[in-house]
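See below for target35.pdb, which holds PDB, C-alpha atoms and all ligand atoms.
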ATOM      1  CA  MET R  95      -3.499  23.912 108.131
ATOM      2  CA  SER R  96      -7.248  23.801 108.782
ATOM      3  CA  VAL R  97      -9.127  20.503 109.125
ATOM      4  CA  VAL R  98     -11.214  21.352 106.041
ATOM      5  CA  GLU R  99      -8.353  21.053 103.572
ATOM      6  CA  PRO R 100      -7.520  17.335 104.163
ATOM      7  CA  VAL R 101     -11.207  16.463 104.082
ATOM      8  CA  VAL R 102     -11.616  18.271 100.741
ATOM      9  CA  GLU R 103      -8.567  16.462  99.334
ATOM     10  CA  LEU R 104      -9.876  13.113 100.597
ATOM     11  CA  GLY R 105     -13.245  13.832  98.964
ATOM     12  CA  ARG R 106     -11.533  14.700  95.665
ATOM     13  CA  GLY R 107      -9.546  11.480  95.757
ATOM     14  CA  LEU R 108     -12.614   9.383  96.467
ATOM     15  CA  TRP R 109     -14.526  11.145  93.705
ATOM     16  CA  ARG R 110     -11.730  10.453  91.225
ATOM     17  CA  THR R 111     -11.789   6.737  92.130
ATOM     18  CA  PHE R 112     -15.572   6.567  91.975
ATOM     19  CA  SER R 113     -15.894   8.428  88.637
ATOM     20  CA  SER R 114     -13.229   6.271  86.964
ATOM     21  CA  MET R 115     -15.434   3.215  87.592
ATOM     22  CA  PHE R 116     -17.721   4.480  84.807
ATOM     23  CA  GLU R 117     -15.006   5.336  82.293
ATOM     24  CA  LYS R 118     -14.333   3.135  79.263
ATOM     25  CA  PRO R 119     -11.348   0.847  80.071
ATOM     26  CA  VAL R 120      -8.141   1.611  78.159
ATOM     27  CA  THR R 121      -6.776  -1.912  78.538
ATOM     28  CA  ILE R 122      -7.480  -4.605  75.941
ATOM     29  CA  GLN R 123      -7.440  -8.399  76.193
ATOM     30  CA  TYR R 124      -4.135  -9.046  74.397
ATOM     31  CA  PRO R 125      -3.359 -11.456  72.674
ATOM     32  CA  GLU R 126      -7.012 -12.260  71.838
ATOM     33  CA  GLN R 127      -7.563  -8.606  70.968
ATOM     34  CA  LYS R 128      -4.943  -6.628  69.088
ATOM     35  CA  ARG R 129      -4.785  -2.879  68.806
ATOM     36  CA  PRO R 130      -4.239  -1.667  65.207
ATOM     37  CA  VAL R 131      -0.850  -0.036  64.750
ATOM     38  CA  ARG R 132      -0.264   3.512  63.491
ATOM     39  CA  PRO R 133       0.211   3.941  59.709
ATOM     40  CA  ARG R 134       3.953   4.691  60.077
ATOM     41  CA  PHE R 135       4.617   1.945  62.642
ATOM     42  CA  ARG R 136       7.836   0.004  62.044
ATOM     43  CA  GLY R 137       7.567  -3.643  63.001
ATOM     44  CA  ARG R 138       9.097  -6.874  61.796
ATOM     45  CA  HIS R 139      10.621  -6.796  58.314
ATOM     46  CA  VAL R 140       9.017  -8.506  55.314
ATOM     47  CA  LEU R 141      10.757  -9.361  52.036
ATOM     48  CA  LYS R 142       8.217  -8.496  49.354
ATOM     49  CA  ARG R 143       7.374 -10.233  46.094
ATOM     50  CA  TYR R 144       6.011  -9.043  42.770
ATOM     51  CA  GLU R 145       2.495 -10.137  41.798
ATOM     52  CA  ASN R 146       3.882 -13.060  39.771
ATOM     53  CA  GLY R 147       5.680 -14.351  42.884
ATOM     54  CA  LEU R 148       9.220 -13.314  41.918
ATOM     55  CA  GLU R 149      11.161 -11.874  44.828
ATOM     56  CA  LYS R 150      11.817  -8.143  44.795
ATOM     57  CA  CYS R 151      15.168  -8.587  46.550
ATOM     58  CA  ILE R 152      18.093  -8.639  44.119
ATOM     59  CA  GLY R 153      20.793  -9.286  46.705
ATOM     60  CA  CYS R 154      22.509  -5.913  46.205
ATOM     61  CA  ALA R 155      23.215  -5.530  49.958
ATOM     62  CA  LEU R 156      22.509  -1.790  49.975
ATOM     63  CA  CYS R 157      20.286  -2.377  52.998
ATOM     64  CA  ALA R 158      23.201  -4.005  54.826
ATOM     65  CA  ALA R 159      25.446  -1.059  53.939
ATOM     66  CA  ALA R 160      22.857   1.426  55.204
ATOM     67  CA  CYS R 161      22.135  -0.405  58.461
ATOM     68  CA  PRO R 162      23.697   1.522  61.362
ATOM     69  CA  ALA R 163      23.484  -1.519  63.638
ATOM     70  CA  ASP R 164      25.176  -3.941  61.222
ATOM     71  CA  ALA R 165      22.160  -6.197  61.653
ATOM     72  CA  ILE R 166      21.761  -7.409  58.042
ATOM     73  CA  PHE R 167      23.759 -10.074  56.239
ATOM     74  CA  VAL R 168      23.183 -10.648  52.515
ATOM     75  CA  GLU R 169      24.805 -13.139  50.170
ATOM     76  CA  ALA R 170      23.849 -13.063  46.490
ATOM     77  CA  SER R 171      23.728 -15.829  43.872
ATOM     78  CA  GLU R 172      23.074 -15.870  40.127
ATOM     79  CA  ASN R 173      19.590 -16.258  38.625
ATOM     80  CA  THR R 174      19.029 -18.284  35.474
ATOM     81  CA  ASP R 175      15.881 -18.454  33.326
ATOM     82  CA  GLU R 176      15.449 -22.075  34.472
ATOM     83  CA  GLN R 177      15.842 -21.218  38.170
ATOM     84  CA  ARG R 178      14.699 -17.646  38.649
ATOM     85  CA  PHE R 179      14.097 -16.163  42.084
ATOM     86  CA  SER R 180      14.016 -12.472  41.167
ATOM     87  CA  PRO R 181      14.240 -10.268  38.056
ATOM     88  CA  GLY R 182      17.751  -9.463  36.833
ATOM     89  CA  GLU R 183      21.061 -11.194  37.369
ATOM     90  CA  ARG R 184      21.134 -11.936  41.066
ATOM     91  CA  TYR R 185      18.981 -12.791  44.050
ATOM     92  CA  ALA R 186      19.642 -13.004  47.767
ATOM     93  CA  SER R 187      20.455 -16.653  48.467
ATOM     94  CA  THR R 188      21.136 -15.725  52.105
ATOM     95  CA  TYR R 189      19.333 -12.900  53.817
ATOM     96  CA  GLU R 190      19.470 -12.576  57.593
ATOM     97  CA  ILE R 191      18.492  -9.898  60.071
ATOM     98  CA  ASN R 192      19.698 -10.055  63.653
ATOM     99  CA  MET R 193      16.702  -8.752  65.569
ATOM    100  CA  LEU R 194      18.779  -8.338  68.718
ATOM    101  CA  ARG R 195      20.728  -5.624  66.897
ATOM    102  CA  CYS R 196      17.925  -4.001  64.917
ATOM    103  CA  ILE R 197      16.800  -0.614  66.201
ATOM    104  CA  PHE R 198      13.882  -0.351  63.731
ATOM    105  CA  CYS R 199      15.229   2.846  62.195
ATOM    106  CA  GLY R 200      13.937   1.940  58.708
ATOM    107  CA  TYR R 201      17.185   2.894  56.904
ATOM    108  CA  CYS R 202      17.214  -0.512  55.175
ATOM    109  CA  GLU R 203      13.774   0.238  53.750
ATOM    110  CA  ASP R 204      14.927   3.646  52.488
ATOM    111  CA  ALA R 205      18.100   2.243  50.894
ATOM    112  CA  CYS R 206      16.430  -0.570  48.953
ATOM    113  CA  PRO R 207      16.231   0.177  45.191
ATOM    114  CA  THR R 208      13.386  -2.306  44.578
ATOM    115  CA  GLU R 209      11.287  -1.707  47.727
ATOM    116  CA  ALA R 210      11.932  -5.316  48.671
ATOM    117  CA  ILE R 211      12.483  -4.885  52.385
ATOM    118  CA  VAL R 212       9.601  -3.316  54.279
ATOM    119  CA  LEU R 213       9.063  -2.887  57.982
ATOM    120  CA  GLY R 214       5.598  -4.329  58.529
ATOM    121  CA  ASP R 215       3.099  -4.178  61.371
ATOM    122  CA  ASN R 216       4.060  -7.354  63.228
ATOM    123  CA  TYR R 217       5.358  -6.528  66.700
ATOM    124  CA  GLU R 218       5.305 -10.051  68.164
ATOM    125  CA  LEU R 219       9.039 -10.624  68.268
ATOM    126  CA  SER R 220       9.677 -12.523  71.477
ATOM    127  CA  PHE R 221      12.341 -15.217  71.541
ATOM    128  CA  THR R 222      13.899 -17.342  74.228
ATOM    129  CA  ASP R 223      17.170 -18.178  72.507
ATOM    130  CA  ARG R 224      19.712 -15.909  70.770
ATOM    131  CA  ARG R 225      19.592 -18.127  67.672
ATOM    132  CA  GLN R 226      15.864 -17.480  67.290
ATOM    133  CA  ALA R 227      16.641 -13.768  66.956
ATOM    134  CA  ILE R 228      18.252 -14.332  63.550
ATOM    135  CA  TYR R 229      15.450 -13.985  61.033
ATOM    136  CA  THR R 230      16.296 -15.821  57.839
ATOM    137  CA  ARG R 231      15.263 -15.233  54.248
ATOM    138  CA  GLU R 232      12.657 -18.017  54.507
ATOM    139  CA  MET R 233      11.125 -16.421  57.614
ATOM    140  CA  LEU R 234      11.088 -12.925  56.105
ATOM    141  CA  LEU R 235       9.770 -13.731  52.613
ATOM    142  CA  GLU R 236       6.155 -12.867  51.951
ATOM    143  CA  PRO R 237       4.049 -16.042  51.580
ATOM    144  CA  VAL R 238       2.793 -16.905  48.083
ATOM    145  CA  SER R 239      -0.907 -17.100  47.233
ATOM    146  CA  SER R 240      -0.628 -20.150  44.948
ATOM    147  CA  GLU R 241       1.785 -22.984  44.073
ATOM    148  CA  ASP R 242       2.735 -21.505  40.671
ATOM    149  CA  LYS R 243       4.159 -18.419  42.402
ATOM    150  CA  ILE R 244       6.738 -20.302  44.456
ATOM    151  CA  THR R 245      10.353 -19.363  43.660
ATOM    152  CA  PRO R 246      12.464 -20.489  41.880
ATOM    153  CA  GLN R 247      10.402 -20.284  38.699
ATOM    154  CA  GLN R 248      11.160 -21.192  35.104
ATOM    155  CA  THR R 249      10.741 -17.994  33.089
ATOM    156  CA  PRO R 250      10.855 -17.172  29.329
ATOM    157  CA  LYS R 251      14.359 -16.491  28.037
ATOM    158  CA  GLY R 252      15.328 -12.817  28.281
ATOM    159  CA  ALA R 253      12.047 -11.734  29.905
ATOM    160  CA  TYR R 254      13.570 -10.479  33.159
ATOM    161  CA  THR R 255      16.781  -8.672  32.318
ATOM    162  CA  ARG R 256      16.192  -5.625  34.540
ATOM    163  CA  SER R 257      16.948  -5.937  38.258
ATOM    164  CA  VAL R 258      15.234  -2.679  39.126
ATOM    165  CA  PRO R 259      11.797  -2.103  37.559
ATOM    166  CA  GLU R 260      11.401   0.846  35.224
ATOM    167  CA  MET R 261       9.895   3.788  37.056
ATOM    168  CA  LYS R 262       6.648   5.090  35.567
ATOM    169  CA  ASN R 263       7.037   8.360  37.426
ATOM    170  CA  PRO R 264      10.530   9.148  38.803
ATOM    171  CA  GLN R 265       8.873  11.541  41.280
ATOM    172  CA  ASP R 266       7.146   8.614  43.050
TER     173      ASP R 266
HETATM  174  S1  LIG B   1      15.547  -1.130  60.659
HETATM  175 FE1  LIG B   1      17.531  -0.066  60.877
HETATM  176  S2  LIG B   1      18.665  -1.274  62.371
HETATM  177 FE2  LIG B   1      16.973  -2.570  61.679
HETATM  178  S3  LIG B   1      17.828  -3.771  60.021
HETATM  179 FE3  LIG B   1      16.898  -1.944  59.081
HETATM  180  S4  LIG B   1      18.576  -0.440  58.943
HETATM  181 FE4  LIG B   1      19.237  -2.050  60.371
HETATM  182  S1  LIG B   2      16.458  -5.916  50.446
HETATM  183 FE1  LIG B   2      16.759  -4.352  48.865
HETATM  184  S2  LIG B   2      18.678  -3.319  49.434
HETATM  185 FE2  LIG B   2      18.606  -5.268  50.563
HETATM  186  S3  LIG B   2      19.714  -6.728  49.292
HETATM  187 FE3  LIG B   2      17.542  -6.900  48.763
HETATM  188  S4  LIG B   2      17.271  -5.494  47.042
HETATM  189 FE4  LIG B   2      19.216  -4.931  47.981
END
How does the structure come out when it is put into structure tokens?
Amino acid sequence: MSVVEPVVELGRGLWRTFSSMFEKPVTIQYPEQKRPVRPRFRGRHVLKRYENGLEKCIGCALCAAACPADAIFVEASENTDEQRFSPGERYASTYEINMLRCIFCGYCEDACPTEAIVLGDNYELSFTDRRQAIYTREMLLEPVSSEDKITPQQTPKGAYTRSVPEMKNPQD
């Protein structure tokens, strides 16, 4: 090996170090700065509501059946017009996801007939205790924008008989 080769390699290495000093940094100051997630990112689940505040979840447990990690537990109770949580007969009185089991596959989202469970863009899921890894219905439910949208609600008799909303376009 000639003496030129190591010197050339050393020069290339030094040049690489020097030129990178002028490149835009790829690191960001997390948690003050947060990078936007990709459109199909699957983060922490959210239980969605309709515009009037009623919960989309009807406690059917199809998400639990579809979950390959057995991470979801659902218990349903009966709605009444005086104490209505969701349209139709039943709502999820208990809804829990064990985040230690969840593999963020999104099967629960696909199985849901009312599009109630959605994997959102929140990726801040650290916990220090196993019990904190169980996300309850109250933690997962979308917040309401005003007091009158809090569930349960008193609703007109016979106004919410369908559990699954009528589809405008079945191709959607
Ligand atoms: S994302 Fe997958 S693993 Fe997680 S709760 Fe839903 S179905 Fe189960
Ligand atoms: S989230 Fe959807 S699939 Fe799961 S219990 Fe509620 S309505 Fe049924």
Set up a box along x, y and z of the file covering all listed atoms of ligand LIG 2 (chain B), add 8 Å on every one of the six sides, and write the centre and edge lengths in Å to one decimal, as JSON.
{"center_x": 18.1, "center_y": -5.1, "center_z": 48.8, "size_x": 19.3, "size_y": 19.6, "size_z": 19.5}
* Residues within 7 Å of ligand LIG 2 (chain B) should be enumerated using all atoms listed in the file and returned as a VMD selection string. => chain R and resid 141 150 to 158 168 186 202 205 to 211
* Select the residues contacting ligand LIG 1 (chain B) at a distance of at most 10 Å, based on all atoms listed in the file, then format the selection as a PyMOL selection string. => chain R and resi 136-139+156-167+190-205+211-213
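Atom CA of R:Ser239 to atom CA of R:Asp215 spans 19.6 Å [interatomic distance, one decimal].
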* To do: For R:Pro246, work out the shell of residues within 9 Å, counting all atoms listed in the file and skipping chain neighbours fewer than 4 positions away, then give it as an MDAnalysis selection string.
  => chainID R and resid 148 173 176:180
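Counting from atom CA of R:Arg143, the distance to atom CA of R:Val258 is 12.9 Å.
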* Structure fact -> Atom pair atom CA of R:Tyr185 + atom CA of R:Thr249, distance 14.7 Å
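Among the candidate residues R:Gln248, R:Pro125, R:Arg231, R:Ser114, the one lying nearest to R:Glu169 is R:Arg231, with distances computed using all atoms listed in the file.
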* **Selection under test: the PyMOL selection byres (((chain R and resi 254-257) around 8) and not hetatm); residues as a PyMOL selection string** => chain R and resi 152+180-184+251-253+258-259
* Hits from the PyMOL selection byres (((chain R and resi 232) around 12) and not hetatm), listed as a PyMOL selection string -> chain R and resi 140-142+149+186-191+228-231+233-238+244-245
Filtering to C-alpha atoms, could you give me those residues as a PDB file, keeping the file's coordinate frame?
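To be explicit, this is the file written out as result-v3.pdb:
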ATOM      1  CA  VAL R 140       9.017  -8.506  55.314  1.00  0.00           C
ATOM      2  CA  LEU R 141      10.757  -9.361  52.036  1.00  0.00           C
ATOM      3  CA  LYS R 142       8.217  -8.496  49.354  1.00  0.00           C
ATOM      4  CA  GLU R 149      11.161 -11.874  44.828  1.00  0.00           C
ATOM      5  CA  ALA R 186      19.642 -13.004  47.767  1.00  0.00           C
ATOM      6  CA  SER R 187      20.455 -16.653  48.467  1.00  0.00           C
ATOM      7  CA  THR R 188      21.136 -15.725  52.105  1.00  0.00           C
ATOM      8  CA  TYR R 189      19.333 -12.900  53.817  1.00  0.00           C
ATOM      9  CA  GLU R 190      19.470 -12.576  57.593  1.00  0.00           C
ATOM     10  CA  ILE R 191      18.492  -9.898  60.071  1.00  0.00           C
ATOM     11  CA  ILE R 228      18.252 -14.332  63.550  1.00  0.00           C
ATOM     12  CA  TYR R 229      15.450 -13.985  61.033  1.00  0.00           C
ATOM     13  CA  THR R 230      16.296 -15.821  57.839  1.00  0.00           C
ATOM     14  CA  ARG R 231      15.263 -15.233  54.248  1.00  0.00           C
ATOM     15  CA  MET R 233      11.125 -16.421  57.614  1.00  0.00           C
ATOM     16  CA  LEU R 234      11.088 -12.925  56.105  1.00  0.00           C
ATOM     17  CA  LEU R 235       9.770 -13.731  52.613  1.00  0.00           C
ATOM     18  CA  GLU R 236       6.155 -12.867  51.951  1.00  0.00           C
ATOM     19  CA  PRO R 237       4.049 -16.042  51.580  1.00  0.00           C
ATOM     20  CA  VAL R 238       2.793 -16.905  48.083  1.00  0.00           C
ATOM     21  CA  ILE R 244       6.738 -20.302  44.456  1.00  0.00           C
ATOM     22  CA  THR R 245      10.353 -19.363  43.660  1.00  0.00           C
TER      23      THR R 245
END
* To do: Give as a list in words the residues that the PyMOL selection byres (((chain R and resi 131-133) around 10) and not hetatm) matches when applied to the coordinates above.
  => Lys128, Arg129, Pro130, Arg134, Phe135, Arg136, Gly137, Gly214, Asp215, Asn216 and Tyr217 of chain R
